[in-house]
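Shown below: upload_8.csv, with CSV, C-alpha atoms and all ligand atoms.
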```csv
chain,number,residue,atom,x,y,z
A,24,MET,CA,-14.6,-5.6,-13.7
A,25,ASN,CA,-13.0,-8.2,-16.0
A,26,GLY,CA,-13.7,-11.9,-15.4
A,27,ALA,CA,-10.0,-13.0,-15.1
A,28,THR,CA,-8.7,-14.2,-11.7
A,29,PRO,CA,-7.2,-11.2,-9.9
A,30,LEU,CA,-3.5,-11.3,-9.3
A,31,ILE,CA,-4.1,-10.5,-5.7
A,32,GLU,CA,-7.3,-11.2,-3.9
A,33,VAL,CA,-7.9,-10.1,-0.3
A,34,ARG,CA,-10.9,-11.5,1.5
A,35,ASN,CA,-12.1,-10.5,5.0
A,36,LEU,CA,-8.6,-9.8,6.1
A,37,GLN,CA,-8.2,-9.1,9.8
A,38,LYS,CA,-5.1,-8.3,11.8
A,39,PHE,CA,-5.4,-7.7,15.5
A,40,PHE,CA,-2.3,-6.9,17.6
A,41,GLY,CA,-1.9,-7.5,21.3
A,42,PRO,CA,-3.8,-9.7,23.7
A,43,ALA,CA,-7.1,-11.3,22.4
A,44,SER,CA,-8.8,-9.8,25.5
A,45,ARG,CA,-7.9,-6.2,24.4
A,46,PRO,CA,-7.0,-6.3,20.7
A,47,VAL,CA,-5.8,-3.4,18.6
A,48,ARG,CA,-8.0,-3.8,15.6
A,49,ALA,CA,-5.5,-2.6,13.0
A,50,VAL,CA,-7.2,-4.3,10.0
A,51,ASP,CA,-10.8,-5.3,10.5
A,52,ASP,CA,-12.5,-7.3,7.7
A,53,VAL,CA,-11.0,-5.8,4.6
A,54,SER,CA,-11.6,-7.2,1.1
A,55,PHE,CA,-10.4,-6.0,-2.3
A,56,GLU,CA,-8.6,-7.3,-5.4
A,57,ILE,CA,-5.8,-6.1,-7.6
A,58,HIS,CA,-5.8,-7.1,-11.2
A,59,SER,CA,-2.8,-7.9,-13.3
A,60,GLY,CA,-1.1,-4.7,-14.4
A,61,GLU,CA,-3.1,-2.5,-12.2
A,62,THR,CA,-1.8,0.0,-9.6
A,63,LEU,CA,-4.1,0.2,-6.7
A,64,GLY,CA,-3.8,3.1,-4.3
A,65,LEU,CA,-4.3,2.6,-0.6
A,66,VAL,CA,-5.0,5.8,1.3
A,67,GLY,CA,-6.2,6.8,4.8
A,68,GLU,CA,-4.9,8.7,7.8
A,69,SER,CA,-1.9,7.6,9.9
A,70,GLY,CA,-2.8,4.5,11.9
A,71,SER,CA,-5.6,3.4,9.6
A,72,GLY,CA,-3.9,0.1,8.9
A,73,LYS,CA,-2.2,0.7,5.5
A,74,SER,CA,1.2,-0.8,6.3
A,75,THR,CA,-0.3,-3.7,8.1
A,76,ILE,CA,-2.3,-4.6,5.0
A,77,GLY,CA,0.8,-4.2,2.8
A,78,ARG,CA,2.7,-6.6,5.1
A,79,ALA,CA,-0.1,-9.1,5.5
A,80,LEU,CA,-0.3,-9.3,1.7
A,81,LEU,CA,3.3,-10.6,1.6
A,82,ARG,CA,2.8,-12.6,4.8
A,83,LEU,CA,5.4,-10.4,6.6
A,84,VAL,CA,2.8,-10.4,9.4
A,85,GLU,CA,0.5,-13.3,10.0
A,86,SER,CA,-3.1,-12.3,9.7
A,87,THR,CA,-5.6,-13.0,12.4
A,88,ALA,CA,-8.3,-14.1,9.9
A,89,GLY,CA,-9.2,-13.9,6.3
A,90,SER,CA,-7.3,-14.8,3.2
A,91,VAL,CA,-4.8,-13.4,0.7
A,92,LYS,CA,-4.6,-15.2,-2.7
A,93,TYR,CA,-2.0,-14.7,-5.3
A,94,ARG,CA,-3.1,-16.0,-8.7
A,95,GLY,CA,-5.8,-17.9,-6.9
A,96,GLU,CA,-3.3,-19.6,-4.5
A,97,ASP,CA,-4.0,-19.1,-0.8
A,98,LEU,CA,-0.8,-17.7,0.7
A,99,GLY,CA,-1.9,-18.5,4.2
A,100,SER,CA,-1.6,-22.2,3.5
A,101,ALA,CA,1.6,-22.1,1.4
A,102,SER,CA,4.4,-24.2,2.9
A,103,ASP,CA,7.7,-22.4,3.9
A,104,SER,CA,9.5,-23.6,0.7
A,105,ARG,CA,6.5,-22.5,-1.5
A,106,MET,CA,6.5,-19.2,0.3
A,107,ARG,CA,10.2,-18.7,-0.3
A,108,PHE,CA,9.5,-19.1,-4.0
A,109,LEU,CA,6.5,-16.8,-3.9
A,110,ARG,CA,8.5,-14.1,-2.2
A,111,SER,CA,10.4,-13.6,-5.4
A,112,LYS,CA,7.1,-12.8,-7.1
A,113,LEU,CA,5.9,-10.5,-4.3
A,114,GLN,CA,8.2,-7.7,-3.1
A,115,ILE,CA,8.0,-4.6,-1.0
A,116,ILE,CA,9.6,-1.2,-1.1
A,117,PHE,CA,9.7,0.6,2.3
A,118,GLN,CA,9.2,4.2,3.3
A,119,ASP,CA,12.7,4.5,4.9
A,120,PRO,CA,15.2,2.9,2.6
A,121,TYR,CA,18.0,3.5,5.1
A,122,ALA,CA,16.3,1.5,7.9
A,123,SER,CA,15.7,-1.3,5.5
A,124,LEU,CA,19.3,-1.6,4.2
A,125,ASN,CA,22.0,-3.2,6.3
A,126,PRO,CA,24.5,-0.4,6.9
A,127,LYS,CA,27.4,-2.9,7.0
A,128,MET,CA,26.7,-4.3,3.5
A,129,ARG,CA,27.9,-2.9,0.3
A,130,ILE,CA,25.2,-2.4,-2.3
A,131,ARG,CA,26.8,-5.2,-4.4
A,132,ASP,CA,26.2,-7.6,-1.5
A,133,VAL,CA,22.7,-6.4,-0.8
A,134,LEU,CA,21.8,-7.1,-4.5
A,135,ALA,CA,23.9,-10.3,-4.8
A,136,GLU,CA,22.1,-11.7,-1.7
A,137,ALA,CA,18.7,-11.1,-3.3
A,138,LEU,CA,19.8,-12.7,-6.5
A,139,ALA,CA,21.4,-15.7,-4.7
A,140,THR,CA,18.4,-16.3,-2.4
A,141,HIS,CA,16.2,-16.9,-5.4
A,142,GLY,CA,18.9,-18.6,-7.6
A,143,LEU,CA,18.6,-15.9,-10.2
A,144,ALA,CA,22.3,-15.6,-11.1
A,145,GLN,CA,24.8,-18.4,-11.7
A,146,GLY,CA,28.3,-17.5,-10.6
A,147,LYS,CA,30.1,-14.3,-9.9
A,148,GLY,CA,30.3,-13.0,-13.4
A,149,GLU,CA,26.6,-13.3,-14.1
A,150,SER,CA,25.8,-11.8,-10.7
A,151,GLU,CA,28.0,-8.8,-11.3
A,152,ALA,CA,26.5,-8.2,-14.7
A,153,ARG,CA,22.9,-8.4,-13.3
A,154,ILE,CA,23.9,-6.0,-10.5
A,155,ALA,CA,25.3,-3.5,-13.0
A,156,GLU,CA,22.2,-3.8,-15.1
A,157,LEU,CA,19.9,-3.3,-12.1
A,158,LEU,CA,21.8,-0.2,-10.9
A,159,GLN,CA,21.5,1.3,-14.3
A,160,ARG,CA,17.8,0.5,-14.5
A,161,VAL,CA,17.2,2.6,-11.4
A,162,GLY,CA,19.4,5.5,-12.5
A,163,LEU,CA,22.5,4.6,-10.6
A,164,ARG,CA,25.9,3.6,-11.9
A,165,ALA,CA,27.7,0.2,-11.9
A,166,GLU,CA,30.5,1.5,-9.7
A,167,HIS,CA,28.0,2.4,-7.0
A,168,ALA,CA,28.0,-1.3,-6.2
A,169,SER,CA,31.0,-1.0,-4.0
A,170,ARG,CA,29.6,1.7,-1.8
A,171,TYR,CA,27.8,1.4,1.5
A,172,PRO,CA,24.2,2.7,2.2
A,173,HIS,CA,25.4,5.8,4.1
A,174,GLU,CA,27.4,7.0,1.1
A,175,PHE,CA,24.1,7.7,-0.8
A,176,SER,CA,21.5,10.5,-0.7
A,177,GLY,CA,18.0,9.6,0.4
A,178,GLY,CA,16.7,9.5,-3.2
A,179,GLN,CA,19.6,7.3,-4.2
A,180,ARG,CA,18.9,5.0,-1.3
A,181,GLN,CA,15.3,4.7,-2.4
A,182,ARG,CA,16.6,3.7,-5.8
A,183,ILE,CA,18.6,1.0,-4.2
A,184,GLY,CA,15.5,-0.2,-2.4
A,185,VAL,CA,13.7,-0.3,-5.8
A,186,ALA,CA,16.7,-2.2,-7.3
A,187,ARG,CA,16.6,-4.8,-4.6
A,188,ALA,CA,12.9,-5.3,-5.1
A,189,LEU,CA,13.4,-5.7,-8.8
A,190,ALA,CA,16.4,-8.0,-8.5
A,191,VAL,CA,14.1,-11.0,-8.1
A,192,ALA,CA,11.9,-10.2,-11.1
A,193,PRO,CA,8.7,-9.7,-9.1
A,194,GLU,CA,5.2,-9.5,-10.5
A,195,PHE,CA,3.7,-7.6,-7.6
A,196,ILE,CA,5.2,-4.8,-5.5
A,197,VAL,CA,3.9,-3.2,-2.4
A,198,ALA,CA,5.3,0.3,-2.3
A,199,ASP,CA,4.7,1.5,1.3
A,200,GLU,CA,5.0,5.3,1.3
A,201,PRO,CA,8.1,5.1,-0.9
A,202,LEU,CA,8.3,8.9,-1.3
A,203,SER,CA,7.6,10.3,2.2
A,204,ALA,CA,11.2,10.2,3.4
A,205,LEU,CA,12.4,12.1,0.3
A,206,ASP,CA,12.7,15.8,-0.5
A,207,VAL,CA,9.9,17.1,-2.7
A,208,SER,CA,12.4,17.7,-5.6
A,209,ILE,CA,13.5,14.0,-5.5
A,210,GLN,CA,10.0,12.6,-5.1
A,211,ALA,CA,9.1,13.4,-8.7
A,212,GLN,CA,12.2,11.5,-9.9
A,213,VAL,CA,11.2,8.4,-8.0
A,214,VAL,CA,7.6,8.6,-9.2
A,215,ASN,CA,8.9,8.7,-12.8
A,216,LEU,CA,11.2,5.8,-12.0
A,217,LEU,CA,8.3,3.8,-10.7
A,218,CYS,CA,6.2,4.6,-13.7
A,219,ASP,CA,9.0,3.5,-16.1
A,220,LEU,CA,9.7,0.3,-14.3
A,221,ARG,CA,6.0,-0.5,-14.1
A,222,GLU,CA,5.8,-0.3,-17.9
A,223,GLN,CA,9.0,-2.2,-18.5
A,224,PHE,CA,8.3,-5.0,-16.1
A,225,LYS,CA,4.5,-5.1,-16.4
A,226,LEU,CA,4.4,-4.7,-12.6
A,227,THR,CA,1.2,-4.8,-10.5
A,228,MET,CA,1.4,-2.5,-7.6
A,229,LEU,CA,-0.2,-1.6,-4.3
A,230,PHE,CA,0.8,2.0,-3.7
A,231,ILE,CA,0.4,3.2,-0.2
A,232,SER,CA,0.6,6.9,0.3
A,233,HIS,CA,-0.6,10.0,2.2
A,234,ASP,CA,0.0,12.1,-0.9
A,235,LEU,CA,-3.2,12.2,-2.7
A,236,ASP,CA,-1.7,14.1,-5.7
A,237,VAL,CA,0.7,11.2,-6.3
A,238,VAL,CA,-2.1,8.7,-5.9
A,239,GLU,CA,-4.2,10.5,-8.4
A,240,TYR,CA,-1.2,10.5,-10.8
A,241,LEU,CA,-0.1,6.9,-10.4
A,242,CYS,CA,-3.1,4.8,-9.5
A,243,ASP,CA,-5.8,3.2,-11.5
A,244,ARG,CA,-8.1,2.6,-8.6
A,245,VAL,CA,-8.1,3.7,-5.0
A,246,VAL,CA,-9.1,2.0,-1.7
A,247,VAL,CA,-9.9,4.4,1.1
A,248,LEU,CA,-9.2,3.0,4.5
A,249,TYR,CA,-10.4,4.3,7.9
A,250,LEU,CA,-9.7,2.6,11.2
A,251,GLY,CA,-8.8,-0.6,9.6
A,252,ARG,CA,-11.9,-0.7,7.4
A,253,VAL,CA,-12.6,0.0,3.8
A,254,MET,CA,-14.8,3.1,3.3
A,255,GLU,CA,-14.7,3.5,-0.4
A,256,VAL,CA,-13.3,1.8,-3.5
A,257,ALA,CA,-13.4,3.6,-6.9
A,258,PRO,CA,-11.5,4.3,-10.1
A,259,THR,CA,-9.1,7.1,-9.5
A,260,GLU,CA,-10.6,9.6,-11.8
A,261,ALA,CA,-14.1,9.1,-10.5
A,262,LEU,CA,-13.0,9.3,-6.9
A,263,PHE,CA,-11.2,12.6,-7.3
A,264,ALA,CA,-13.9,14.1,-9.4
A,265,LYS,CA,-16.6,13.1,-7.0
A,266,PRO,CA,-15.8,11.4,-3.7
A,267,LEU,CA,-18.9,9.7,-2.4
A,268,HIS,CA,-18.2,8.6,1.1
A,269,PRO,CA,-18.2,11.4,3.7
A,270,TYR,CA,-14.8,10.2,4.9
A,271,THR,CA,-13.3,10.4,1.4
A,272,GLN,CA,-14.9,13.8,1.0
A,273,ALA,CA,-13.3,15.0,4.2
A,274,LEU,CA,-10.0,13.4,3.4
A,275,LEU,CA,-9.8,15.1,0.0
A,276,ALA,CA,-10.9,18.5,1.5
A,277,ALA,CA,-8.2,18.1,4.2
A,278,SER,CA,-5.4,17.5,1.7
A,279,PRO,CA,-2.7,20.1,1.7
A,280,LYS,CA,-3.5,21.1,-1.8
A,281,PRO,CA,-7.3,20.5,-1.9
A,282,ASP,CA,-9.3,20.8,-5.0
A,283,PRO,CA,-10.8,24.3,-4.5
A,284,GLU,CA,-14.3,23.1,-5.5
A,285,LEU,CA,-14.2,20.1,-3.2
A,286,ALA,CA,-12.9,22.2,-0.3
A,287,LEU,CA,-15.8,24.5,-0.6
A,288,VAL,CA,-18.4,21.8,-0.7
A,289,HIS,CA,-17.0,19.4,1.9
A,290,VAL,CA,-16.0,19.8,5.5
A,291,PRO,CA,-12.3,18.9,6.1
A,292,LEU,CA,-11.5,16.3,8.8
A,293,MET,CA,-11.9,17.4,12.4
A,294,GLY,CA,-10.3,15.9,15.5
A,295,ASP,CA,-8.5,12.6,15.8
A,296,MET,CA,-9.2,9.1,14.6
A,297,PRO,CA,-10.6,7.0,17.5
A,298,SER,CA,-8.3,4.3,18.9
A,299,PRO,CA,-8.4,1.0,17.2
A,300,LEU,CA,-8.4,-0.5,20.7
A,301,ASN,CA,-11.9,0.8,21.1
A,302,PRO,CA,-13.5,1.6,17.8
A,303,PRO,CA,-17.0,3.1,17.7
A,304,SER,CA,-20.0,0.8,17.3
A,305,GLY,CA,-21.6,0.7,13.8
A,306,CYS,CA,-19.7,2.8,11.3
A,307,GLY,CA,-16.1,3.5,12.4
A,308,PHE,CA,-16.3,7.1,10.9
A,309,ARG,CA,-19.6,8.1,12.5
A,310,THR,CA,-18.0,10.0,15.4
A,311,ARG,CA,-16.4,12.5,13.0
A,312,CYS,CA,-18.9,12.3,10.2
A,313,PRO,CA,-20.8,15.5,9.3
A,314,GLN,CA,-23.6,13.3,7.9
A,315,ALA,CA,-24.0,10.8,10.7
A,316,ILE,CA,-27.5,9.9,12.0
A,317,SER,CA,-28.4,7.7,14.9
A,318,ALA,CA,-28.7,4.6,12.8
A,319,CYS,CA,-25.0,4.9,12.0
A,320,ALA,CA,-24.2,3.7,15.5
A,321,GLU,CA,-26.3,0.5,15.2
A,322,GLN,CA,-24.8,-1.5,12.4
A,323,ARG,CA,-21.5,-1.6,10.6
A,324,PRO,CA,-22.2,-0.6,7.0
A,325,MET,CA,-21.4,-3.2,4.3
A,326,LEU,CA,-19.3,-2.2,1.3
A,327,GLU,CA,-21.8,-2.0,-1.5
A,328,GLU,CA,-21.7,-1.1,-5.2
A,329,SER,CA,-23.4,2.3,-5.3
A,330,SER,CA,-22.8,2.8,-9.1
A,331,PRO,CA,-20.8,0.7,-11.5
A,332,GLY,CA,-17.3,0.1,-10.2
A,333,ARG,CA,-17.9,2.4,-7.2
A,334,TRP,CA,-18.2,0.9,-3.7
A,335,THR,CA,-19.1,2.6,-0.5
A,336,ALA,CA,-19.6,1.5,3.1
A,337,CYS,CA,-22.3,4.0,4.2
A,338,ILE,CA,-25.9,3.7,5.0
A,339,ARG,CA,-26.7,7.2,3.8
A,340,LYS,CA,-27.1,6.3,0.2
A,341,GLU,CA,-29.4,9.2,-0.5
A,342,LEU,CA,-26.3,11.4,-0.3
A,343,PHE,CA,-24.7,9.7,-3.2
A,344,THR,CA,-27.1,10.7,-6.0
A,401,LIG,N1,3.5,-4.5,15.7
A,401,LIG,C1,2.4,-3.9,16.2
A,401,LIG,N2,2.0,-4.1,17.5
A,401,LIG,C2,0.9,-3.4,18.0
A,401,LIG,N3,0.2,-2.5,17.2
A,401,LIG,C3,0.6,-2.3,16.0
A,401,LIG,C4,1.7,-2.9,15.4
A,401,LIG,N4,1.8,-2.5,14.1
A,401,LIG,C5,0.8,-1.6,13.9
A,401,LIG,N5,0.1,-1.5,15.0
A,401,LIG,C6,-1.1,-0.6,15.2
A,401,LIG,O1,-2.0,-0.9,14.1
A,401,LIG,C7,-2.6,0.2,13.7
A,401,LIG,C8,-2.3,0.4,12.2
A,401,LIG,O2,-1.0,0.6,12.0
A,401,LIG,P1,-0.3,0.8,10.5
A,401,LIG,O3,1.1,0.9,10.7
A,401,LIG,O4,-0.8,-0.3,9.6
A,401,LIG,O5,-1.0,2.2,10.0
A,401,LIG,P2,-0.6,3.0,8.7
A,401,LIG,O6,-1.9,3.3,8.1
A,401,LIG,O7,0.4,2.4,7.9
A,401,LIG,O8,-0.1,4.4,9.4
A,401,LIG,P3,1.0,5.4,8.8
A,401,LIG,O9,0.3,6.2,7.8
A,401,LIG,O10,1.4,6.2,10.0
A,401,LIG,O11,2.2,4.6,8.3
A,401,LIG,C9,-2.1,1.4,14.5
A,401,LIG,O12,-3.0,1.6,15.5
A,401,LIG,C10,-0.8,0.8,15.0
A,401,LIG,O13,-0.5,1.4,16.3
A,402,MG,MG,2.4,2.9,7.4
```
Written form, structure tokens:
Amino acid sequence: MNGATPLIEVRNLQKFFGPASRPVRAVDDVSFEIHSGETLGLVGESGSGKSTIGRALLRLVESTAGSVKYRGEDLGSASDSRMRFLRSKLQIIFQDPYASLNPKMRIRDVLAEALATHGLAQGKGESEARIAELLQRVGLRAEHASRYPHEFSGGQRQRIGVARALAVAPEFIVADEPLSALDVSIQAQVVNLLCDLREQFKLTMLFISHDLDVVEYLCDRVVVLYLGRVMEVAPTEALFAKPLHPYTQALLAASPKPDPELALVHVPLMGDMPSPLNPPSGCGFRTRCPQAISACAEQRPMLEESSPGRWTACIRKELFT
């Protein structure tokens, strides 16, 4: 790990929903950092807390506890006006670009609004020029600006979502399942677009996805989440070559296109994830873990460095050698 301040630093992040007497523990004590220029993957089953983390990072939901720092600055204590400024640096691309675009606004107005909010274009002429440039950057045409969201295909709408995020010249983008609403044939185009833009704009990214193939392709490191907790953090190549945590092993073996060797060695995931209303004691994964022993029920395992750069939250370290 390099010594520089991470662009994003998440410490002991917790987000509970619902009444304090009966909380949904959506995110429960999660820590990680994202370095400048890095693309960090966030994977885990549905309901594991990925979107909640993505939103908490941008303060789109208020966290219950813990901190998120951007370039060392605590976002939780940023004033409203400071946060408005920081929002131009921190952007999000959603899974469903249609739901996130106002159907009554022409694309021109969607983008002009983003530019105006952050004072990034002076006057109509400059704004129009920026909009045309943005649309071209994402593979659309300037004349698309006068259309409404419903006049685009799913892939085109996602390009508009990307253009809107880019309009404010962000440094950091949370991409929350940006491909899952798209046809497979369109997904590759959007992946390529994200790769190009990442290079051009030196973007740092949190890439949230179910699709392990895309994560393997796009991400530098991966955080594996289960029931609101981090199970494993590793460089992408190492993780896919040799997943260490039993949950990561099961997740990779359960993927629709599992690596044949991994699928032979590891047992795919069985049954459902327990409710975050009532998580198991000790290790959250123990109720589905083929390696669980009685001690796993007693204490929640710490995330520990099991080999350089590889972190696992599992007491059965003898399995990792
Ligand atoms: N606003 C909310 N109110 C109550 N519970 C919520 C809210 N948002 C999320 N949750 C709960 O928090 C948990 C984590 O949800 P989250 O959306 O972060 O999961 P996810 O990993 O993004 O899932 P998916 O892969 O399906 O998008 C779930 O149990 C969910 O039901
Ligand atoms: Mg989600």
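The space separating atom CA of A:Gly89 from atom CA of A:Gly72 comes to 15.2 Å.
Note that the spacing between atom P2 of ligand LIG 401 (chain A) and atom CA of A:Tyr249 amounts to 9.9 Å.
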* Spatial neighbours of A:Ile338, 10 Å, all atoms listed in the file, chain gap at least 4 places, as a list in words -> His268, Cys306, Ala315, Ile316, Ala318, Cys319, Gln322, Arg323, Pro324, Met325, Leu326, Glu327 and Leu342 of chain A
* To do: Show me as a VMD selection string the residues that reach within 7 Å of (21.8, -6.0, -4.9), counting only C-alpha atoms and using the file's own coordinates.
  => chain A and resid 130 to 137 154 186 to 187 190
* Find the spatial neighbours of A:Gly99, counting all atoms listed in the file, within a cut-off of 12 Å - ignore same-chain residues fewer than 6 positions away - and output them as a count of residues only. => 21
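Considering the residues A:Gly70, A:Gly148, A:Gly41, A:Pro46 and counting all atoms listed in the file, ligand MG 402 (chain A) has its shortest atom-to-atom contact with A:Gly70.
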* So which one's closest to A:Leu189, A:Ala122, A:Ala43, A:Val256, A:Ile116? Using all atoms listed in the file, please. -> A:Ile116
* Which neighbours of stretch 200-203 of chain A fall inside 12 Å, counting all atoms listed in the file, when residues of the same chain fewer than 3 positions from it are skipped, and could you give them as a ChimeraX atom specification? -> /A:64-67,69,73-74,77,115-121,123,177-185,196-197,206-217,229-235,237-238
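The residue that comes closest to A:Arg129, out of A:Glu56, A:Glu61, A:Glu174, A:Glu32 and on the basis of all atoms listed in the file, is A:Glu174.
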* To do: Go ahead and compute the interatomic distance for atom MG of ligand MG 402 (chain A) and atom CA of A:Pro29, in Å to one decimal.
  => 24.3 Å
* Contacts of A:Ala276 within 12 Å, only C-alpha atoms, excl. fewer than 6 positions in-chain, as a ChimeraX atom specification -> /A:235,263,265-266,269-270,282-293
Next, write the just-selected residues to a file, as an mmCIF file, in the frame of the given file, keeping C-alpha atoms as the atom set.
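Produced file result03.cif, reproduced below:
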```cif
data_model
loop_
_atom_site.group_PDB
_atom_site.id
_atom_site.type_symbol
_atom_site.label_atom_id
_atom_site.label_comp_id
_atom_site.auth_asym_id
_atom_site.auth_seq_id
_atom_site.Cartn_x
_atom_site.Cartn_y
_atom_site.Cartn_z
ATOM 1 C CA LEU A 235 -3.200 12.200 -2.700
ATOM 2 C CA PHE A 263 -11.200 12.600 -7.300
ATOM 3 C CA LYS A 265 -16.600 13.100 -7.000
ATOM 4 C CA PRO A 266 -15.800 11.400 -3.700
ATOM 5 C CA PRO A 269 -18.200 11.400 3.700
ATOM 6 C CA TYR A 270 -14.800 10.200 4.900
ATOM 7 C CA ASP A 282 -9.300 20.800 -5.000
ATOM 8 C CA PRO A 283 -10.800 24.300 -4.500
ATOM 9 C CA GLU A 284 -14.300 23.100 -5.500
ATOM 10 C CA LEU A 285 -14.200 20.100 -3.200
ATOM 11 C CA ALA A 286 -12.900 22.200 -0.300
ATOM 12 C CA LEU A 287 -15.800 24.500 -0.600
ATOM 13 C CA VAL A 288 -18.400 21.800 -0.700
ATOM 14 C CA HIS A 289 -17.000 19.400 1.900
ATOM 15 C CA VAL A 290 -16.000 19.800 5.500
ATOM 16 C CA PRO A 291 -12.300 18.900 6.100
ATOM 17 C CA LEU A 292 -11.500 16.300 8.800
ATOM 18 C CA MET A 293 -11.900 17.400 12.400
#
```
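When only C-alpha atoms are used to measure the gap to A:Leu267, the shortest distance among A:Arg94, A:Arg153, A:Arg110, A:Arg333 belongs to A:Arg333.
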* Asked: Which is closest to ligand MG 402 (chain A) among A:Gln114, A:Asp51, A:Gly251, A:Pro193, if we use all atoms listed in the file?
  -> A:Gly251
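Counting all atoms listed in the file, the residue from A:Lys280, A:Lys225, A:Arg164, A:Arg78 that sits nearest to ligand MG 402 (chain A) is A:Arg78.
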* Asked: Could you name the residues that touch A:His167 at 9 Å or less, counting only C-alpha atoms, but leaving out those on the same chain fewer than 2 positions away, as a PyMOL selection string?
  -> chain A and resi 130-131+155+158+163-165+169-171
Will you give me stretch 207-225 of chain A, written with N, CA and C atoms and laid out as a PDB file, in the first residue's frame?
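Below is the file selection-v1.pdb, written as the result:
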```
ATOM      1  N   VAL A 207     -27.034  -7.646 -22.682  1.00  0.00           N
ATOM      2  CA  VAL A 207     -25.638  -8.087 -22.654  1.00  0.00           C
ATOM      3  C   VAL A 207     -24.824  -7.435 -23.777  1.00  0.00           C
ATOM      4  N   SER A 208     -25.449  -7.302 -24.961  1.00  0.00           N
ATOM      5  CA  SER A 208     -24.707  -6.744 -26.097  1.00  0.00           C
ATOM      6  C   SER A 208     -24.329  -5.279 -25.864  1.00  0.00           C
ATOM      7  N   ILE A 209     -25.115  -4.591 -25.063  1.00  0.00           N
ATOM      8  CA  ILE A 209     -24.858  -3.169 -24.792  1.00  0.00           C
ATOM      9  C   ILE A 209     -23.889  -3.010 -23.627  1.00  0.00           C
ATOM     10  N   GLN A 210     -23.881  -4.011 -22.736  1.00  0.00           N
ATOM     11  CA  GLN A 210     -23.042  -3.913 -21.541  1.00  0.00           C
ATOM     12  C   GLN A 210     -21.578  -3.663 -21.890  1.00  0.00           C
ATOM     13  N   ALA A 211     -21.091  -4.404 -22.897  1.00  0.00           N
ATOM     14  CA  ALA A 211     -19.678  -4.277 -23.251  1.00  0.00           C
ATOM     15  C   ALA A 211     -19.363  -2.862 -23.715  1.00  0.00           C
ATOM     16  N   GLN A 212     -20.303  -2.240 -24.419  1.00  0.00           N
ATOM     17  CA  GLN A 212     -20.070  -0.863 -24.881  1.00  0.00           C
ATOM     18  C   GLN A 212     -19.950   0.092 -23.694  1.00  0.00           C
ATOM     19  N   VAL A 213     -20.815  -0.099 -22.706  1.00  0.00           N
ATOM     20  CA  VAL A 213     -20.764   0.800 -21.553  1.00  0.00           C
ATOM     21  C   VAL A 213     -19.492   0.535 -20.726  1.00  0.00           C
ATOM     22  N   VAL A 214     -19.093  -0.734 -20.637  1.00  0.00           N
ATOM     23  CA  VAL A 214     -17.828  -1.045 -19.950  1.00  0.00           C
ATOM     24  C   VAL A 214     -16.676  -0.330 -20.648  1.00  0.00           C
ATOM     25  N   ASN A 215     -16.648  -0.399 -21.970  1.00  0.00           N
ATOM     26  CA  ASN A 215     -15.573   0.268 -22.706  1.00  0.00           C
ATOM     27  C   ASN A 215     -15.611   1.770 -22.499  1.00  0.00           C
ATOM     28  N   LEU A 216     -16.821   2.312 -22.488  1.00  0.00           N
ATOM     29  CA  LEU A 216     -16.963   3.751 -22.247  1.00  0.00           C
ATOM     30  C   LEU A 216     -16.385   4.125 -20.877  1.00  0.00           C
ATOM     31  N   LEU A 217     -16.753   3.340 -19.860  1.00  0.00           N
ATOM     32  CA  LEU A 217     -16.252   3.636 -18.512  1.00  0.00           C
ATOM     33  C   LEU A 217     -14.726   3.556 -18.471  1.00  0.00           C
ATOM     34  N   CYS A 218     -14.171   2.566 -19.172  1.00  0.00           N
ATOM     35  CA  CYS A 218     -12.702   2.425 -19.218  1.00  0.00           C
ATOM     36  C   CYS A 218     -12.053   3.643 -19.860  1.00  0.00           C
ATOM     37  N   ASP A 219     -12.608   4.081 -20.996  1.00  0.00           N
ATOM     38  CA  ASP A 219     -12.058   5.240 -21.703  1.00  0.00           C
ATOM     39  C   ASP A 219     -12.112   6.487 -20.835  1.00  0.00           C
ATOM     40  N   LEU A 220     -13.274   6.710 -20.237  1.00  0.00           N
ATOM     41  CA  LEU A 220     -13.462   7.933 -19.455  1.00  0.00           C
ATOM     42  C   LEU A 220     -12.581   7.928 -18.214  1.00  0.00           C
ATOM     43  N   ARG A 221     -12.430   6.748 -17.644  1.00  0.00           N
ATOM     44  CA  ARG A 221     -11.577   6.620 -16.473  1.00  0.00           C
ATOM     45  C   ARG A 221     -10.154   7.075 -16.810  1.00  0.00           C
ATOM     46  N   GLU A 222      -9.666   6.662 -17.972  1.00  0.00           N
ATOM     47  CA  GLU A 222      -8.336   7.081 -18.428  1.00  0.00           C
ATOM     48  C   GLU A 222      -8.277   8.586 -18.658  1.00  0.00           C
ATOM     49  N   GLN A 223      -9.241   9.055 -19.473  1.00  0.00           N
ATOM     50  CA  GLN A 223      -9.242  10.463 -19.886  1.00  0.00           C
ATOM     51  C   GLN A 223      -9.327  11.416 -18.715  1.00  0.00           C
ATOM     52  N   PHE A 224     -10.192  11.084 -17.757  1.00  0.00           N
ATOM     53  CA  PHE A 224     -10.459  12.018 -16.663  1.00  0.00           C
ATOM     54  C   PHE A 224      -9.762  11.604 -15.371  1.00  0.00           C
ATOM     55  N   LYS A 225      -8.932  10.587 -15.437  1.00  0.00           N
ATOM     56  CA  LYS A 225      -8.220  10.098 -14.247  1.00  0.00           C
ATOM     57  C   LYS A 225      -9.174   9.884 -13.073  1.00  0.00           C
TER      58      LYS A 225
END
```
